[in-house]
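Participant: So here's my_file26.cif (mmCIF, C-alpha atoms and all ligand atoms).
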data_target
loop_
_atom_site.group_PDB
_atom_site.id
_atom_site.type_symbol
_atom_site.label_atom_id
_atom_site.label_comp_id
_atom_site.auth_asym_id
_atom_site.auth_seq_id
_atom_site.Cartn_x
_atom_site.Cartn_y
_atom_site.Cartn_z
ATOM 1 C CA MET A 1 -21.401 -9.868 5.784
ATOM 2 C CA GLY A 2 -22.201 -9.665 2.068
ATOM 3 C CA THR A 3 -21.331 -6.789 -0.212
ATOM 4 C CA ASP A 4 -24.924 -5.999 -1.112
ATOM 5 C CA ASP A 5 -25.329 -3.661 1.835
ATOM 6 C CA TYR A 6 -22.563 -1.372 0.552
ATOM 7 C CA GLU A 7 -22.647 0.729 -2.593
ATOM 8 C CA LEU A 8 -20.293 3.090 -4.399
ATOM 9 C CA ASP A 9 -21.052 6.659 -3.339
ATOM 10 C CA HIS A 10 -18.648 9.135 -4.934
ATOM 11 C CA ILE A 11 -15.109 9.326 -6.295
ATOM 12 C CA MET A 12 -12.533 10.531 -3.770
ATOM 13 C CA LEU A 13 -9.453 10.389 -6.037
ATOM 14 C CA THR A 14 -9.594 10.170 -9.819
ATOM 15 C CA GLN A 15 -7.196 8.062 -11.847
ATOM 16 C CA ASP A 16 -5.633 11.263 -13.177
ATOM 17 C CA VAL A 17 -4.884 12.610 -9.712
ATOM 18 C CA ILE A 18 -3.548 9.208 -8.597
ATOM 19 C CA SER A 19 -1.325 8.911 -11.634
ATOM 20 C CA LYS A 20 0.202 12.386 -11.180
ATOM 21 C CA ARG A 21 0.984 11.680 -7.551
ATOM 22 C CA ILE A 22 2.556 8.322 -8.415
ATOM 23 C CA SER A 23 4.858 10.076 -10.901
ATOM 24 C CA GLU A 24 5.996 12.380 -8.087
ATOM 25 C CA LEU A 25 6.626 9.473 -5.711
ATOM 26 C CA ALA A 26 8.512 7.599 -8.431
ATOM 27 C CA ALA A 27 10.633 10.677 -9.139
ATOM 28 C CA SER A 28 11.660 10.954 -5.465
ATOM 29 C CA ILE A 29 12.425 7.242 -5.258
ATOM 30 C CA SER A 30 14.413 7.366 -8.525
ATOM 31 C CA GLU A 31 16.420 10.303 -7.262
ATOM 32 C CA GLU A 32 17.336 8.522 -4.039
ATOM 33 C CA TYR A 33 18.093 5.066 -5.479
ATOM 34 C CA ARG A 34 19.720 5.968 -8.805
ATOM 35 C CA GLY A 35 21.986 3.112 -9.923
ATOM 36 C CA GLU A 36 20.981 0.906 -6.974
ATOM 37 C CA GLU A 37 19.228 -2.436 -6.821
ATOM 38 C CA LEU A 38 15.925 -1.884 -5.031
ATOM 39 C CA ILE A 39 13.481 -4.584 -3.960
ATOM 40 C CA PHE A 40 9.859 -3.458 -3.992
ATOM 41 C CA THR A 41 7.906 -5.689 -1.640
ATOM 42 C CA GLY A 42 4.151 -5.397 -2.118
ATOM 43 C CA VAL A 43 1.563 -6.468 0.402
ATOM 44 C CA LEU A 44 -0.994 -8.637 -1.391
ATOM 45 C CA LYS A 45 -3.515 -8.092 -2.690
ATOM 46 C CA GLY A 46 -4.246 -4.403 -2.247
ATOM 47 C CA ALA A 47 -0.814 -3.059 -3.256
ATOM 48 C CA VAL A 48 -0.627 -4.872 -6.594
ATOM 49 C CA ILE A 49 -2.101 -2.124 -8.747
ATOM 50 C CA PHE A 50 -0.327 0.738 -6.977
ATOM 51 C CA MET A 51 3.031 -1.044 -7.071
ATOM 52 C CA SER A 52 2.718 -1.975 -10.734
ATOM 53 C CA ASP A 53 2.123 1.664 -11.671
ATOM 54 C CA LEU A 54 4.844 2.875 -9.307
ATOM 55 C CA VAL A 55 7.612 0.649 -10.679
ATOM 56 C CA ARG A 56 6.705 1.530 -14.262
ATOM 57 C CA SER A 57 7.104 5.231 -13.477
ATOM 58 C CA LEU A 58 10.657 4.842 -12.155
ATOM 59 C CA ASP A 59 13.718 6.112 -13.895
ATOM 60 C CA LEU A 60 15.404 3.289 -15.835
ATOM 61 C CA SER A 61 18.576 3.761 -13.815
ATOM 62 C CA VAL A 62 16.907 2.125 -10.808
ATOM 63 C CA ASP A 63 17.436 -1.641 -10.845
ATOM 64 C CA ALA A 64 13.946 -2.437 -9.532
ATOM 65 C CA ARG A 65 12.926 -5.930 -8.430
ATOM 66 C CA MET A 66 9.479 -7.060 -7.300
ATOM 67 C CA ASP A 67 8.384 -9.447 -4.590
ATOM 68 C CA PHE A 68 5.222 -9.951 -2.528
ATOM 69 C CA ILE A 69 4.045 -10.912 0.916
ATOM 70 C CA ALA A 70 0.546 -11.688 2.123
ATOM 71 C CA VAL A 71 -0.936 -11.222 5.572
ATOM 72 C CA SER A 72 -4.348 -11.871 7.004
ATOM 73 C CA SER A 73 -6.515 -8.801 6.533
ATOM 74 C CA TYR A 74 -9.855 -7.676 7.816
ATOM 75 C CA GLY A 75 -11.599 -10.580 6.120
ATOM 76 C CA ASN A 76 -15.004 -9.358 5.168
ATOM 77 C CA ALA A 77 -15.377 -6.744 7.860
ATOM 78 C CA SER A 78 -14.424 -3.095 7.463
ATOM 79 C CA THR A 79 -12.868 -2.588 10.890
ATOM 80 C CA SER A 80 -9.494 -3.758 12.125
ATOM 81 C CA SER A 81 -9.133 -6.671 14.509
ATOM 82 C CA GLY A 82 -5.512 -5.683 15.071
ATOM 83 C CA ALA A 83 -4.465 -9.252 14.372
ATOM 84 C CA VAL A 84 -1.827 -9.700 11.679
ATOM 85 C CA LYS A 85 -0.760 -13.113 10.441
ATOM 86 C CA MET A 86 1.755 -13.903 7.698
ATOM 87 C CA ILE A 87 0.207 -16.045 4.976
ATOM 88 C CA LYS A 88 2.879 -15.817 2.283
ATOM 89 C CA ASP A 89 6.484 -14.743 2.777
ATOM 90 C CA MET A 90 8.635 -13.111 0.092
ATOM 91 C CA ASP A 91 11.090 -15.218 -1.931
ATOM 92 C CA THR A 92 13.980 -12.745 -2.022
ATOM 93 C CA TYR A 93 16.842 -12.804 0.471
ATOM 94 C CA ILE A 94 17.013 -9.170 1.640
ATOM 95 C CA ALA A 95 20.087 -9.037 3.897
ATOM 96 C CA ASP A 96 22.258 -6.071 2.822
ATOM 97 C CA LYS A 97 19.713 -5.045 0.142
ATOM 98 C CA HIS A 98 17.680 -1.888 -0.306
ATOM 99 C CA VAL A 99 13.993 -2.616 0.287
ATOM 100 C CA ILE A 100 10.783 -0.599 -0.017
ATOM 101 C CA LEU A 101 7.695 -2.086 1.586
ATOM 102 C CA VAL A 102 4.639 -1.070 -0.451
ATOM 103 C CA GLU A 103 1.120 -1.055 0.989
ATOM 104 C CA ASP A 104 -2.178 0.260 -0.373
ATOM 105 C CA ILE A 105 -3.438 1.990 2.750
ATOM 106 C CA MET A 106 -2.317 2.658 6.288
ATOM 107 C CA ASP A 107 -5.275 2.666 8.636
ATOM 108 C CA THR A 108 -4.254 1.823 12.221
ATOM 109 C CA GLY A 109 -0.732 1.114 10.912
ATOM 110 C CA LEU A 110 -0.576 -2.234 12.723
ATOM 111 C CA THR A 111 -0.049 -4.242 9.540
ATOM 112 C CA LEU A 112 2.752 -2.064 8.225
ATOM 113 C CA SER A 113 4.492 -1.778 11.547
ATOM 114 C CA TYR A 114 4.413 -5.553 12.086
ATOM 115 C CA LEU A 115 5.791 -6.224 8.604
ATOM 116 C CA ARG A 116 8.443 -3.555 8.963
ATOM 117 C CA GLU A 117 9.738 -5.094 12.195
ATOM 118 C CA MET A 118 9.738 -8.528 10.630
ATOM 119 C CA LEU A 119 11.739 -7.400 7.580
ATOM 120 C CA MET A 120 14.095 -5.279 9.692
ATOM 121 C CA ALA A 121 15.120 -8.429 11.570
ATOM 122 C CA ARG A 122 16.466 -9.816 8.273
ATOM 123 C CA GLY A 123 19.151 -7.135 8.112
ATOM 124 C CA PRO A 124 18.400 -5.127 4.946
ATOM 125 C CA GLU A 125 20.835 -2.350 4.045
ATOM 126 C CA THR A 126 17.877 0.057 4.097
ATOM 127 C CA LEU A 127 14.147 -0.469 4.563
ATOM 128 C CA ARG A 128 11.596 2.193 3.722
ATOM 129 C CA THR A 129 7.834 2.211 3.624
ATOM 130 C CA CYS A 130 5.570 3.518 0.881
ATOM 131 C CA VAL A 131 1.784 3.725 1.058
ATOM 132 C CA LEU A 132 -0.682 5.177 -1.393
ATOM 133 C CA LEU A 133 -3.152 6.316 1.278
ATOM 134 C CA GLU A 134 -2.913 7.190 4.941
ATOM 135 C CA LYS A 135 -5.826 7.689 7.349
ATOM 136 C CA PRO A 136 -4.097 9.625 10.145
ATOM 137 C CA ASP A 137 -7.219 9.747 12.344
ATOM 138 C CA ARG A 138 -6.988 6.020 13.028
ATOM 139 C CA LYS A 139 -3.251 5.713 13.501
ATOM 140 C CA LYS A 140 -2.142 3.587 16.483
ATOM 141 C CA VAL A 141 1.597 3.454 15.786
ATOM 142 C CA ASP A 142 4.430 5.982 15.601
ATOM 143 C CA SER A 143 5.122 7.544 12.258
ATOM 144 C CA ILE A 144 6.795 4.954 10.057
ATOM 145 C CA LEU A 145 6.027 6.288 6.582
ATOM 146 C CA ASP A 146 8.779 7.327 4.200
ATOM 147 C CA TYR A 147 6.659 7.807 1.068
ATOM 148 C CA ARG A 148 2.967 8.679 1.177
ATOM 149 C CA GLY A 149 0.628 9.265 -1.771
ATOM 150 C CA PHE A 150 -2.331 10.937 -0.078
ATOM 151 C CA THR A 151 -3.659 11.658 3.386
ATOM 152 C CA ILE A 152 -7.395 10.912 3.491
ATOM 153 C CA PRO A 153 -10.216 11.267 6.024
ATOM 154 C CA ASP A 154 -11.505 8.272 7.955
ATOM 155 C CA GLU A 155 -13.821 6.922 5.272
ATOM 156 C CA PHE A 156 -13.912 3.450 3.796
ATOM 157 C CA VAL A 157 -12.554 3.530 0.259
ATOM 158 C CA VAL A 158 -12.389 1.016 -2.589
ATOM 159 C CA GLY A 159 -10.887 0.824 -6.063
ATOM 160 C CA TYR A 160 -7.354 0.965 -7.455
ATOM 161 C CA GLY A 161 -6.498 -2.256 -5.598
ATOM 162 C CA LEU A 162 -8.566 -1.596 -2.482
ATOM 163 C CA ASP A 163 -11.522 -3.856 -1.844
ATOM 164 C CA TYR A 164 -14.557 -4.430 0.255
ATOM 165 C CA ALA A 165 -14.995 -8.195 0.728
ATOM 166 C CA GLY A 166 -12.932 -8.857 -2.390
ATOM 167 C CA LYS A 167 -14.958 -6.497 -4.572
ATOM 168 C CA TRP A 168 -14.070 -3.324 -6.512
ATOM 169 C CA ARG A 169 -10.271 -3.738 -6.668
ATOM 170 C CA ASN A 170 -10.400 -3.216 -10.421
ATOM 171 C CA LEU A 171 -11.932 0.274 -10.379
ATOM 172 C CA PRO A 172 -9.485 2.791 -11.879
ATOM 173 C CA ASP A 173 -10.551 5.570 -9.458
ATOM 174 C CA ILE A 174 -10.752 5.479 -5.649
ATOM 175 C CA TRP A 175 -14.332 5.628 -4.365
ATOM 176 C CA CYS A 176 -16.058 6.140 -1.017
ATOM 177 C CA VAL A 177 -18.685 3.530 -0.207
ATOM 178 C CA THR A 178 -21.842 3.966 1.815
ATOM 179 C CA LYS A 179 -24.057 1.555 3.646
ATOM 180 C CA HIS A 180 -27.721 1.492 2.668
HETATM 181 P P1 LIG B 201 -4.080 -1.388 9.342
HETATM 182 O O1 LIG B 201 -3.284 -2.528 9.861
HETATM 183 O O2 LIG B 201 -5.172 -0.999 10.284
HETATM 184 O O3 LIG B 201 -3.228 -0.200 8.949
HETATM 185 O O4 LIG B 201 -4.853 -1.918 8.085
HETATM 186 C C1 LIG B 201 -4.339 -1.948 6.822
HETATM 187 C C2 LIG B 201 -5.200 -2.816 5.920
HETATM 188 O O5 LIG B 201 -6.601 -2.650 6.201
HETATM 189 C C3 LIG B 201 -5.042 -2.409 4.485
HETATM 190 O O6 LIG B 201 -3.987 -3.084 3.865
HETATM 191 C C4 LIG B 201 -6.380 -2.773 3.890
HETATM 192 O O7 LIG B 201 -6.383 -4.118 3.497
HETATM 193 C C5 LIG B 201 -7.377 -2.607 5.020
HETATM 194 N N1 LIG B 201 -8.094 -1.313 4.953
HETATM 195 C C6 LIG B 201 -8.049 -0.300 5.839
HETATM 196 N N2 LIG B 201 -8.820 0.729 5.473
HETATM 197 C C7 LIG B 201 -9.360 0.373 4.287
HETATM 198 C C8 LIG B 201 -10.243 1.040 3.364
HETATM 199 O O8 LIG B 201 -10.704 2.190 3.538
HETATM 200 N N3 LIG B 201 -10.561 0.334 2.238
HETATM 201 C C9 LIG B 201 -10.085 -0.912 1.984
HETATM 202 N N4 LIG B 201 -9.261 -1.564 2.809
HETATM 203 C C10 LIG B 201 -8.897 -0.932 3.952
#
Turn the structure described in the file into structure tokens.
Facilitator:
Amino acid sequence: MGTDDYELDHIMLTQDVISKRISELAASISEEYRGEELIFTGVLKGAVIFMSDLVRSLDLSVDARMDFIAVSSYGNASTSSGAVKMIKDMDTYIADKHVILVEDIMDTGLTLSYLREMLMARGPETLRTCVLLEKPDRKKVDSILDYRGFTIPDEFVVGYGLDYAGKWRNLPDIWCVTKH
């Protein structure tokens, strides 16, 4: 499916609103991990922009590290197949470390729950999850979120790291798309 059949419709979350919420999330994380080493593990590619803003909003007393993993996503379709495959593992050894798994959006939750189980098996001291957006209507797993930016309705969104077929990740605001 090409991208020509989808177009930007309206802004759901402005960059201002996103940035204020990220400051709040960063404040909570800073409070809880003051003086600790904390490994932020972003799920490529969608979490890159969110995670880069999040870590820059942290209190300097947090010893933040960054790493990334990649899994197979929806490809070019906008509905979940439920299949999750690891494409790139992280480089950091996380046994006995504090880890926060960072994802752009939780839709069915299958991706996050798979990755969480996989990282848990490596014996981190603590493992928490942080997503910018959650679509609760589509959730298929038990609640596994520790930090959540926004709860949104079941609409397909792009921008601020989120894409449709690789497009629109660079938009500073989060938009709803429509089919025409
Ligand atoms: P889940 O496994 O169903 O929770 O899917 C999570 C992944 O689906 C996200 O990391 C995104 O790559 C993709 N996804 C789900 N909903 C959207 C959306 O509205 N816009 C862009 N990507 C989405």
Participant: Just want the residues within 6 Å of ligand LIG 201 (chain B), written as an MDAnalysis selection string, counting all atoms listed in the file.
Facilitator: chainID A and resid 73 80 104:111 155:158 162:164
Participant: Choose the residue, out of A:Asp137, A:Asp53, A:Met120, A:His180, that has the smallest atom-to-atom separation from A:Tyr6; count all atoms listed in the file.
Facilitator: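 Distance minimum relative to A:Tyr6 lands on A:His180.
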Participant: Of the residues A:Val43, A:Ile69, A:Cys176, A:Leu13, which is the one nearest to A:Asp154, using all atoms listed in the file?
Facilitator: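 Closest to A:Asp154 of all the choices is A:Cys176.
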Participant: For A:Lys97, please output as a VMD selection string all residues within 10 Å (counting all atoms listed in the file; exclusion window: fewer than 2 positions along the same chain).
Facilitator: chain A and resid 36 to 39 92 to 95 99 to 100 122 to 127
Participant: Starting from the displayed file, determine the output of the PyMOL selection byres (((chain A and resi 178) around 6) and not hetatm) and express the residue list as a list in words.
Facilitator: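 On the file shown, the PyMOL selection byres (((chain A and resi 178) around 6) and not hetatm) covers Tyr6, Glu7, Asp9, Val177 and Lys179 of chain A.
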Participant: Step by step, work through what the PyMOL selection byres (((chain A and resi 65-67) around 6) and not hetatm) selects in the shown file, and finish by giving those residues as a list in words.
Facilitator: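 Expected selection for the PyMOL selection byres (((chain A and resi 65-67) around 6) and not hetatm) here is Ile39, Phe40, Thr41, Ala64, Phe68 and Met90 of chain A.
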Participant: If the PyMOL selection byres (((chain A and resi 174) around 8) and not hetatm) is run on the structure shown, which residues does it catch, given as JSON, numbers by chain?
Facilitator: {"A": [11, 12, 13, 14, 15, 157, 158, 159, 160, 171, 172, 173, 175, 176]}
